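Trainee: Contents are mmCIF, C-alpha atoms; file name run_18.cif:
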```cif
data_model
#
loop_
_atom_site.group_PDB
_atom_site.id
_atom_site.type_symbol
_atom_site.label_atom_id
_atom_site.label_comp_id
_atom_site.auth_asym_id
_atom_site.auth_seq_id
_atom_site.Cartn_x
_atom_site.Cartn_y
_atom_site.Cartn_z
ATOM 1 C CA MET A 1 81.866 161.937 81.067
ATOM 2 C CA MET A 2 83.876 158.653 81.272
ATOM 3 C CA ARG A 3 82.274 155.835 79.420
ATOM 4 C CA PRO A 4 81.309 152.697 81.442
ATOM 5 C CA THR A 5 83.663 150.552 79.335
ATOM 6 C CA SER A 6 86.591 152.762 80.356
ATOM 7 C CA THR A 7 85.668 152.437 84.027
ATOM 8 C CA LEU A 8 85.563 148.665 83.683
ATOM 9 C CA ALA A 9 88.957 148.707 81.981
ATOM 10 C CA MET A 10 90.430 150.466 85.002
ATOM 11 C CA VAL A 11 88.718 148.253 87.590
ATOM 12 C CA VAL A 12 89.568 144.871 86.073
ATOM 13 C CA PRO A 13 93.381 145.295 86.156
ATOM 14 C CA SER A 14 93.190 146.536 89.757
ATOM 15 C CA LEU A 15 91.064 143.549 90.721
ATOM 16 C CA ALA A 16 93.464 141.186 88.973
ATOM 17 C CA VAL A 17 96.407 142.667 90.889
ATOM 18 C CA ALA A 18 94.524 142.311 94.174
ATOM 19 C CA ILE A 19 93.705 138.656 93.451
ATOM 20 C CA LEU A 20 97.320 137.983 92.466
ATOM 21 C CA CYS A 21 98.534 139.468 95.767
ATOM 22 C CA ILE A 22 96.133 137.260 97.711
ATOM 23 C CA LEU A 23 97.345 134.182 95.826
ATOM 24 C CA VAL A 24 100.991 135.054 96.476
ATOM 25 C CA ARG A 25 100.323 135.511 100.195
ATOM 26 C CA SER A 26 98.452 132.199 100.326
ATOM 27 C CA ALA A 27 101.217 130.380 98.498
ATOM 28 C CA SER A 28 103.873 131.728 100.853
ATOM 29 C CA ALA A 29 101.875 131.033 104.027
ATOM 30 C CA GLU A 30 103.145 128.251 106.254
ATOM 31 C CA PHE A 31 101.371 124.947 105.689
ATOM 32 C CA TRP A 32 100.304 123.124 108.870
ATOM 33 C CA LEU A 33 101.807 119.960 107.372
ATOM 34 C CA ASP A 34 105.248 121.554 107.803
ATOM 35 C CA GLU A 35 105.016 120.531 111.476
ATOM 36 C CA PHE A 36 105.101 116.885 110.377
ATOM 37 C CA THR A 37 107.387 114.436 108.629
ATOM 38 C CA THR A 38 105.742 112.456 105.851
ATOM 39 C CA ASP A 39 105.967 108.943 104.454
ATOM 40 C CA GLY A 40 104.608 107.651 101.159
ATOM 41 C CA ASP A 41 102.396 109.673 98.812
ATOM 42 C CA VAL A 42 101.290 112.745 100.782
ATOM 43 C CA ARG A 43 99.809 115.589 98.749
ATOM 44 C CA ARG A 44 99.263 119.267 99.607
ATOM 45 C CA ASP A 45 96.406 121.306 98.208
ATOM 46 C CA TYR A 46 93.733 123.892 99.037
ATOM 47 C CA ASP A 47 89.971 123.459 99.077
ATOM 48 C CA ARG A 48 87.556 125.906 97.458
ATOM 49 C CA SER A 49 87.510 128.109 100.548
ATOM 50 C CA GLY A 50 91.312 128.364 100.588
ATOM 51 C CA ARG A 51 91.874 126.008 103.516
ATOM 52 C CA GLN A 52 94.978 123.836 103.439
ATOM 53 C CA VAL A 53 94.336 120.149 102.747
ATOM 54 C CA ALA A 54 96.756 117.237 103.143
ATOM 55 C CA SER A 55 95.822 113.996 101.375
ATOM 56 C CA LEU A 56 97.185 110.485 101.923
ATOM 57 C CA VAL A 57 97.212 108.051 99.014
ATOM 58 C CA LEU A 58 97.168 104.242 99.278
ATOM 59 C CA ASP A 59 97.983 101.970 96.341
ATOM 60 C CA GLN A 60 99.427 98.469 95.982
ATOM 61 C CA ARG A 61 102.954 99.785 96.398
ATOM 62 C CA SER A 62 102.581 101.679 99.659
ATOM 63 C CA GLY A 63 100.413 103.366 102.230
ATOM 64 C CA ALA A 64 101.049 106.902 103.460
ATOM 65 C CA GLY A 65 101.197 108.937 106.637
ATOM 66 C CA PHE A 66 102.528 111.918 108.538
ATOM 67 C CA ASN A 67 103.700 112.343 112.128
ATOM 68 C CA SER A 68 104.467 115.408 114.201
ATOM 69 C CA THR A 69 108.046 116.505 114.777
ATOM 70 C CA ARG A 70 107.108 117.489 118.331
ATOM 71 C CA LYS A 71 105.829 115.382 121.190
ATOM 72 C CA TYR A 72 103.200 116.413 123.714
ATOM 73 C CA LEU A 73 102.204 115.552 127.256
ATOM 74 C CA PHE A 74 98.464 116.299 127.400
ATOM 75 C CA GLY A 75 96.474 118.437 125.030
ATOM 76 C CA GLU A 76 93.502 118.908 122.738
ATOM 77 C CA PHE A 77 94.064 117.577 119.213
ATOM 78 C CA SER A 78 91.596 118.157 116.423
ATOM 79 C CA VAL A 79 91.376 117.616 112.673
ATOM 80 C CA GLU A 80 88.748 117.500 109.951
ATOM 81 C CA MET A 81 88.832 114.418 107.720
ATOM 82 C CA LYS A 82 87.141 113.267 104.532
ATOM 83 C CA LEU A 83 87.445 109.506 104.361
ATOM 84 C CA VAL A 84 87.906 107.140 101.434
ATOM 85 C CA GLY A 85 84.800 107.043 99.241
ATOM 86 C CA GLY A 86 83.107 104.093 97.557
ATOM 87 C CA ASN A 87 84.263 100.589 98.371
ATOM 88 C CA SER A 88 86.887 101.227 101.056
ATOM 89 C CA ALA A 89 86.809 97.707 102.523
ATOM 90 C CA GLY A 90 90.180 96.652 103.915
ATOM 91 C CA THR A 91 91.524 100.184 104.305
ATOM 92 C CA VAL A 92 92.352 101.740 107.665
ATOM 93 C CA THR A 93 92.548 105.486 108.182
ATOM 94 C CA SER A 94 93.807 106.895 111.461
ATOM 95 C CA PHE A 95 94.350 109.949 113.629
ATOM 96 C CA TYR A 96 96.188 109.026 116.814
ATOM 97 C CA LEU A 97 98.831 109.772 119.440
ATOM 98 C CA THR A 98 101.657 107.415 120.371
ATOM 99 C CA SER A 99 104.846 107.448 122.417
ATOM 100 C CA GLY A 100 106.505 104.922 120.084
ATOM 101 C CA GLU A 101 106.416 101.241 119.219
ATOM 102 C CA GLY A 102 108.015 99.631 122.266
ATOM 103 C CA ASP A 103 106.433 96.950 124.439
ATOM 104 C CA GLU A 104 105.520 99.560 127.080
ATOM 105 C CA HIS A 105 104.296 102.301 124.772
ATOM 106 C CA ASP A 106 101.294 104.578 125.318
ATOM 107 C CA GLU A 107 98.769 105.319 122.588
ATOM 108 C CA ILE A 108 95.376 106.957 121.993
ATOM 109 C CA ASP A 109 93.644 105.855 118.790
ATOM 110 C CA MET A 110 90.910 106.984 116.460
ATOM 111 C CA GLU A 111 90.876 104.497 113.567
ATOM 112 C CA PHE A 112 88.373 104.316 110.735
ATOM 113 C CA MET A 113 87.870 100.857 109.290
ATOM 114 C CA GLY A 114 86.869 100.773 105.634
ATOM 115 C CA ASN A 115 83.543 99.413 104.511
ATOM 116 C CA SER A 116 81.914 97.806 101.505
ATOM 117 C CA SER A 117 79.861 100.301 99.519
ATOM 118 C CA GLY A 118 76.616 101.092 101.316
ATOM 119 C CA SER A 119 77.725 99.774 104.716
ATOM 120 C CA PRO A 120 78.384 102.054 107.710
ATOM 121 C CA THR A 121 81.951 103.045 108.571
ATOM 122 C CA VAL A 122 83.302 101.867 111.934
ATOM 123 C CA LEU A 123 85.247 104.225 114.212
ATOM 124 C CA ASN A 124 87.564 102.271 116.497
ATOM 125 C CA THR A 125 88.716 104.078 119.656
ATOM 126 C CA ASN A 126 91.399 102.578 121.876
ATOM 127 C CA VAL A 127 93.747 103.494 124.728
ATOM 128 C CA TRP A 128 97.136 101.949 125.502
ATOM 129 C CA ALA A 129 99.099 102.514 128.731
ATOM 130 C CA ASN A 130 102.487 100.904 129.379
ATOM 131 C CA GLY A 131 101.806 98.455 126.567
ATOM 132 C CA ASP A 132 98.407 97.502 127.981
ATOM 133 C CA GLY A 133 95.716 97.963 125.315
ATOM 134 C CA LYS A 134 92.655 95.926 124.319
ATOM 135 C CA LYS A 135 90.323 98.722 125.407
ATOM 136 C CA GLU A 136 88.369 99.217 122.198
ATOM 137 C CA HIS A 137 85.014 100.861 121.785
ATOM 138 C CA GLN A 138 83.827 100.705 118.171
ATOM 139 C CA PHE A 139 81.041 102.870 116.780
ATOM 140 C CA TYR A 140 79.088 102.967 113.536
ATOM 141 C CA LEU A 141 79.247 106.542 112.288
ATOM 142 C CA TRP A 142 75.788 108.048 111.828
ATOM 143 C CA PHE A 143 76.708 109.871 108.603
ATOM 144 C CA ASP A 144 78.689 109.265 105.428
ATOM 145 C CA PRO A 145 82.256 110.274 106.387
ATOM 146 C CA ALA A 146 83.343 110.250 102.730
ATOM 147 C CA ALA A 147 80.723 112.730 101.512
ATOM 148 C CA ASP A 148 82.271 115.720 103.292
ATOM 149 C CA PHE A 149 84.735 116.734 105.983
ATOM 150 C CA HIS A 150 83.895 115.966 109.616
ATOM 151 C CA LYS A 151 85.687 116.964 112.789
ATOM 152 C CA TYR A 152 87.415 114.437 115.064
ATOM 153 C CA LYS A 153 88.953 115.411 118.398
ATOM 154 C CA ILE A 154 90.958 113.865 121.240
ATOM 155 C CA VAL A 155 91.100 115.659 124.598
ATOM 156 C CA TRP A 156 93.819 114.148 126.794
ATOM 157 C CA ASN A 157 94.625 115.278 130.325
ATOM 158 C CA ASP A 158 95.571 113.677 133.630
ATOM 159 C CA LYS A 159 91.931 112.993 134.507
ATOM 160 C CA ASN A 160 90.402 111.463 131.404
ATOM 161 C CA ILE A 161 90.521 111.029 127.629
ATOM 162 C CA ILE A 162 87.555 112.354 125.664
ATOM 163 C CA PHE A 163 86.777 111.239 122.107
ATOM 164 C CA GLN A 164 84.564 113.523 120.027
ATOM 165 C CA VAL A 165 82.981 113.433 116.565
ATOM 166 C CA ASP A 166 81.728 116.783 115.254
ATOM 167 C CA ASP A 167 82.009 118.075 118.850
ATOM 168 C CA VAL A 168 79.765 115.250 120.103
ATOM 169 C CA THR A 169 81.399 113.235 122.878
ATOM 170 C CA VAL A 170 81.072 109.516 122.101
ATOM 171 C CA ARG A 171 83.452 108.102 124.690
ATOM 172 C CA VAL A 172 85.202 109.091 127.932
ATOM 173 C CA PHE A 173 88.061 106.950 129.256
ATOM 174 C CA LYS A 174 88.571 107.821 132.925
ATOM 175 C CA ARG A 175 91.748 107.623 134.955
ATOM 176 C CA TYR A 176 91.880 105.466 138.098
ATOM 177 C CA ASP A 177 94.933 105.775 140.317
ATOM 178 C CA ASP A 178 95.391 102.010 140.653
ATOM 179 C CA LEU A 179 95.077 101.240 136.926
ATOM 180 C CA PRO A 180 97.344 101.930 133.934
ATOM 181 C CA TYR A 181 96.807 105.344 132.310
ATOM 182 C CA PRO A 182 98.888 107.279 129.739
ATOM 183 C CA ASP A 183 100.175 110.165 131.842
ATOM 184 C CA ALA A 184 103.987 110.050 131.731
ATOM 185 C CA LYS A 185 105.210 109.378 128.187
ATOM 186 C CA PRO A 186 105.116 112.253 125.680
ATOM 187 C CA MET A 187 103.350 111.336 122.464
ATOM 188 C CA ALA A 188 103.546 112.455 118.842
ATOM 189 C CA VAL A 189 100.551 112.975 116.557
ATOM 190 C CA HIS A 190 100.169 110.547 113.648
ATOM 191 C CA ALA A 191 97.861 110.113 110.669
ATOM 192 C CA THR A 192 98.006 107.086 108.366
ATOM 193 C CA LEU A 193 96.221 105.286 105.529
ATOM 194 C CA TRP A 194 97.161 101.638 105.078
ATOM 195 C CA ASP A 195 96.052 98.176 103.982
ATOM 196 C CA GLY A 196 94.418 96.484 106.971
ATOM 197 C CA SER A 197 92.715 93.694 105.050
ATOM 198 C CA TYR A 198 93.591 91.109 107.684
ATOM 199 C CA TRP A 199 91.259 92.678 110.277
ATOM 200 C CA ALA A 200 89.627 95.961 109.199
ATOM 201 C CA THR A 201 86.351 94.922 107.554
ATOM 202 C CA ARG A 202 84.150 92.225 109.113
ATOM 203 C CA LYS A 203 87.158 90.899 111.027
ATOM 204 C CA GLY A 204 89.160 90.431 107.854
ATOM 205 C CA GLU A 205 86.505 88.600 105.829
ATOM 206 C CA VAL A 206 86.371 91.376 103.204
ATOM 207 C CA LYS A 207 89.722 92.207 101.614
ATOM 208 C CA ILE A 208 90.802 95.351 99.843
ATOM 209 C CA ASP A 209 89.767 95.632 96.184
ATOM 210 C CA TRP A 210 92.816 97.018 94.414
ATOM 211 C CA SER A 211 90.812 97.702 91.265
ATOM 212 C CA SER A 212 89.388 100.683 93.188
ATOM 213 C CA ALA A 213 92.851 102.086 93.962
ATOM 214 C CA PRO A 214 94.239 104.598 94.541
ATOM 215 C CA PHE A 215 92.443 105.261 97.828
ATOM 216 C CA VAL A 216 92.589 108.818 99.155
ATOM 217 C CA VAL A 217 91.777 110.380 102.540
ATOM 218 C CA SER A 218 92.038 114.125 103.179
ATOM 219 C CA TYR A 219 92.804 116.136 106.316
ATOM 220 C CA ARG A 220 92.341 119.839 107.020
ATOM 221 C CA ASP A 221 92.054 122.354 109.904
ATOM 222 C CA TYR A 222 94.507 120.473 112.141
ATOM 223 C CA THR A 223 95.075 122.068 115.558
ATOM 224 C CA ALA A 224 97.107 121.007 118.591
ATOM 225 C CA ASN A 225 96.307 123.057 121.682
ATOM 226 C CA ALA A 226 98.752 121.089 123.770
ATOM 227 C CA CYS A 227 101.742 121.013 126.099
ATOM 228 C CA ALA A 228 104.795 120.515 123.896
ATOM 229 C CA VAL A 229 107.757 118.698 125.397
ATOM 230 C CA ASP A 230 111.180 120.202 124.722
ATOM 231 C CA GLY A 231 114.261 118.130 123.975
ATOM 232 C CA ARG A 232 115.197 115.364 121.589
ATOM 233 C CA ASN A 233 112.765 112.446 121.350
ATOM 234 C CA GLY A 234 110.337 114.145 123.700
ATOM 235 C CA GLY A 235 112.619 114.359 126.715
ATOM 236 C CA GLY A 236 112.775 117.509 128.814
ATOM 237 C CA SER A 237 110.343 120.054 130.211
ATOM 238 C CA SER A 238 106.902 120.793 128.798
ATOM 239 C CA SER A 239 105.522 124.140 127.671
ATOM 240 C CA CYS A 240 101.766 124.667 127.786
ATOM 241 C CA PRO A 241 99.913 127.330 125.755
ATOM 242 C CA ALA A 242 97.901 130.149 127.280
ATOM 243 C CA GLY A 243 94.380 129.036 128.135
ATOM 244 C CA ALA A 244 95.418 125.405 128.577
ATOM 245 C CA ASN A 245 93.262 125.125 131.696
ATOM 246 C CA GLU A 246 90.196 124.942 129.450
ATOM 247 C CA TRP A 247 91.144 121.431 128.375
ATOM 248 C CA MET A 248 93.588 120.519 131.171
ATOM 249 C CA ASP A 249 90.718 120.582 133.674
ATOM 250 C CA ARG A 250 88.163 119.174 131.235
ATOM 251 C CA GLN A 251 86.058 116.344 132.577
ATOM 252 C CA SER A 252 82.803 114.900 131.333
ATOM 253 C CA ASP A 253 79.764 117.007 132.159
ATOM 254 C CA ASP A 254 76.022 116.329 131.923
ATOM 255 C CA THR A 255 75.977 116.972 128.174
ATOM 256 C CA ASP A 256 78.864 114.543 127.632
ATOM 257 C CA ARG A 257 77.112 111.885 129.670
ATOM 258 C CA LEU A 258 73.957 112.297 127.594
ATOM 259 C CA THR A 259 75.794 112.026 124.261
ATOM 260 C CA VAL A 260 77.880 109.064 125.454
ATOM 261 C CA ALA A 261 74.664 107.295 126.472
ATOM 262 C CA TRP A 262 73.138 108.133 123.070
ATOM 263 C CA ALA A 263 76.223 106.770 121.254
ATOM 264 C CA ARG A 264 76.130 103.574 123.294
ATOM 265 C CA ARG A 265 72.452 102.987 122.475
ATOM 266 C CA ASN A 266 72.561 103.849 118.809
ATOM 267 C CA CYS A 267 76.119 103.477 117.491
ATOM 268 C CA LEU A 268 78.230 101.221 119.714
ATOM 269 C CA GLN A 269 78.878 97.902 117.982
ATOM 270 C CA TYR A 270 81.778 96.584 120.108
ATOM 271 C CA ASN A 271 82.701 97.137 123.761
ATOM 272 C CA TYR A 272 85.677 95.284 125.208
ATOM 273 C CA CYS A 273 83.940 95.227 128.577
ATOM 274 C CA ASP A 274 81.277 92.935 127.087
ATOM 275 C CA ASP A 275 83.733 90.510 125.487
ATOM 276 C CA GLY A 276 84.005 87.675 127.993
ATOM 277 C CA TRP A 277 85.680 85.370 125.447
ATOM 278 C CA ARG A 278 88.566 87.824 125.203
ATOM 279 C CA PHE A 279 88.982 88.111 128.973
ATOM 280 C CA PRO A 280 88.404 84.607 130.418
ATOM 281 C CA GLN A 281 90.253 85.552 133.625
ATOM 282 C CA GLY A 282 88.052 88.582 134.251
ATOM 283 C CA PHE A 283 87.438 91.981 132.730
ATOM 284 C CA PRO A 284 89.898 94.896 133.084
ATOM 285 C CA GLY A 285 89.435 96.812 136.324
ATOM 286 C CA GLU A 286 87.828 99.903 134.799
ATOM 287 C CA CYS A 287 84.945 97.905 133.311
ATOM 288 C CA ALA A 288 83.141 97.588 136.658
ATOM 289 C CA ARG A 289 83.610 101.303 137.456
ATOM 290 C CA ASN A 290 82.454 103.052 134.288
#
```
In structure tokens, write the structure found in this file.
Mentor:
Amino acid sequence: MMRPTSTLAMVVPSLAVAILCILVRSASAEFWLDEFTTDGDVRRDYDRSGRQVASLVLDQRSGAGFNSTRKYLFGEFSVEMKLVGGNSAGTVTSFYLTSGEGDEHDEIDMEFMGNSSGSPTVLNTNVWANGDGKKEHQFYLWFDPAADFHKYKIVWNDKNIIFQVDDVTVRVFKRYDDLPYPDAKPMAVHATLWDGSYWATRKGEVKIDWSSAPFVVSYRDYTANACAVDGRNGGGSSSCPAGANEWMDRQSDDTDRLTVAWARRNCLQYNYCDDGWRFPQGFPGECARN
């Protein structure tokens, strides 16, 4: 009869080989960050469950970011993020779409404005169309976004733009035919971490504390279920994935309306449609229709 120690001696090498094979496959697998160009200190790693994680690092020398090599015209864009912990005042973390930096650019923003330790983090959502922005809704997040990863999603089609946090819809920006709407310019996906001391925390009153640097934000589980535009700089025809109708036809339903109302009551801390000082000549047209 084979002794138990001999059996163990046979099993352990086999197990070690199996683990080594898994590690080799994981190391050779394509990293989702390969779809992006990077700037500054951008680090690649894996979490304990083996999921790919990209981290941006901010110090006094530079911020960091990545942007997609492809542009899209409509889609569903999602990522999980773990924000800067501790005293993050003055920092700005983002996940957004933009057509560029020109005077008539389009953009859809989810920006996270750093906070002093113990204060809630503000999520700033905004929409730009043909260079027309100033459409911010800002929300206090109802959890600690630095304690763990949370999911943030933008659904963009020709009918509306839906902003979600952990699959909870917090805002819907509707299209009106007579008002500017981002529906013609292909946009790339961007993520950044930078020093926004001049405006990020309490309207710039609280500056970044560099003694807490470096600041780190992490991203994982990025997906773009979207219509990619062929051609250099986003010009050319678009190619939509199978099943695109699920988000292409997506409009707010009863559940969305309930969660948007909940977010307005409990989390909304700034609404451009309530800021008469900012719009002395009258509010933007969509304010009276939403």
Trainee: For range 149-157 of chain A, take all atoms listed in the file, fit an axis-aligned box around them, add 3 Å to each of the six sides, then output centre and edge lengths in Å rounded to one decimal, as AutoDock Vina command-line options.
Mentor:
```
--center_x 89.3 --center_y 115.4 --center_z 118.2 --size_x 16.7 --size_y 9.1 --size_z 30.3
```
Trainee: Which of these residues is nearest to Gly100 in chain A, using all atoms listed in the file: A:Thr38, A:Asn130, A:Ser197, A:Asn157?
Mentor: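 Smallest distance to Gly100 in chain A is found for A:Asn130.
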Trainee: Run the PyMOL selection byres ((chain A and resi 222-231) around 8) on the file and write out the hits as a ChimeraX atom specification.
Mentor: /A:32,70-80,186,219-221,232-241,244
Trainee: Please determine, counting all atoms listed in the file, which residue among A:Asp166, A:Glu104, A:Asp195, A:Glu286 has the shortest atom-to-atom distance to Ser88 in chain A.
Mentor: A:Asp195
Trainee: Please determine, counting all atoms listed in the file, which residue among A:Asp254, A:Asp167, A:Asp183, A:Asp47 has the shortest atom-to-atom distance to Ser218 in chain A.
Mentor: A:Asp47
Trainee: Just how far from CA of Ser68 in chain A is CA of Val189 in chain A, in Å to one decimal?
Mentor: 5.2 Å
Trainee: Determine the residue membership of the PyMOL selection byres ((chain A and resi 87) around 12) for the file above and supply it as a PyMOL selection string.
Mentor: chain A and resi 83-86+88-91+113-121+146+201+206-216
Trainee: Taking (96.1, 104.4, 105.8) in the file's own coordinates, collect the residues within 7 Å, counting all atoms listed in the file, and hand them back as a list of chain:residue names.
Mentor: A:Leu58, A:Gly63, A:Ala64, A:Gly65, A:Thr91, A:Val92, A:Thr93, A:Ser94, A:Thr192, A:Leu193, A:Trp194, A:Asp195
Trainee: Atoms to include: C-alpha atoms. Write the selected residues as a short mmCIF file (atom, residue, chain, number, x, y, z; two decimals), in the frame of the given file.
Mentor:
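Result saved to part20.cif:
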```cif
data_model
loop_
_atom_site.label_atom_id
_atom_site.label_comp_id
_atom_site.auth_asym_id
_atom_site.auth_seq_id
_atom_site.Cartn_x
_atom_site.Cartn_y
_atom_site.Cartn_z
CA LEU A 58 97.17 104.24 99.28
CA GLY A 63 100.41 103.37 102.23
CA ALA A 64 101.05 106.90 103.46
CA GLY A 65 101.20 108.94 106.64
CA THR A 91 91.52 100.18 104.30
CA VAL A 92 92.35 101.74 107.66
CA THR A 93 92.55 105.49 108.18
CA SER A 94 93.81 106.90 111.46
CA THR A 192 98.01 107.09 108.37
CA LEU A 193 96.22 105.29 105.53
CA TRP A 194 97.16 101.64 105.08
CA ASP A 195 96.05 98.18 103.98
#
```
Trainee: Determine, counting only C-alpha atoms, which protein, DNA and RNA residues have an atom within 9 Å of an atom of Asn160 in chain A; residues of the same chain fewer than 2 positions away are not included. Present the result as a PyMOL selection string.
Mentor: chain A and resi 155-158+162+172-175+181+250-252
Trainee: Compare A:Lys185, A:Lys135, A:Asp249, A:Phe283 by their minimum atom-to-atom distance to Gly102 in chain A, counting only C-alpha atoms, and give me the closest one.
Mentor: A:Lys185
Trainee: Give me the result of the PyMOL selection byres ((chain A and resi 270) around 9) on this file, residue by residue, as a list in words.
Mentor: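 Applying the expression gives Asn124, Glu136, His137, Gln138, Phe139, Leu268, Gln269, Asn271, Tyr272, Cys273, Asp274 and Asp275 of chain A.
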Trainee: Provide the CA of Val53 in chain A to CA of Gln164 in chain A distance in Å, to one decimal place.
Mentor: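 The value is 20.9 Å.
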Trainee: Record the distance separating CA of Ala263 in chain A and CA of Lys203 in chain A, expressed in Å with one decimal.
Mentor: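 Computed distance, CA of Ala263 in chain A to CA of Lys203 in chain A, equals 21.8 Å.
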Trainee: So that I can see what lies close to Phe95 in chain A, please list as a ChimeraX atom specification the residues with an atom at most 6 Å from it, counting all atoms listed in the file and leaving out residues fewer than 2 positions away in the same chain.
Mentor: /A:110,190-191
Trainee: Determine, counting all atoms listed in the file, every residue of protein, DNA or RNA that lies within 12 Å of (79.2, 115.9, 101.3) in the file coordinates, then give the result as a PDB file with C-alpha atoms, in the frame of the given file.
Mentor:
```
ATOM      1  CA  MET A  81      88.832 114.418 107.720  1.00  0.00           C
ATOM      2  CA  LYS A  82      87.141 113.267 104.532  1.00  0.00           C
ATOM      3  CA  LEU A  83      87.445 109.506 104.361  1.00  0.00           C
ATOM      4  CA  GLY A  85      84.800 107.043  99.241  1.00  0.00           C
ATOM      5  CA  PHE A 143      76.708 109.871 108.603  1.00  0.00           C
ATOM      6  CA  ASP A 144      78.689 109.265 105.428  1.00  0.00           C
ATOM      7  CA  PRO A 145      82.256 110.274 106.387  1.00  0.00           C
ATOM      8  CA  ALA A 146      83.343 110.250 102.730  1.00  0.00           C
ATOM      9  CA  ALA A 147      80.723 112.730 101.512  1.00  0.00           C
ATOM     10  CA  ASP A 148      82.271 115.720 103.292  1.00  0.00           C
ATOM     11  CA  PHE A 149      84.735 116.734 105.983  1.00  0.00           C
ATOM     12  CA  HIS A 150      83.895 115.966 109.616  1.00  0.00           C
TER      13      HIS A 150
END
```
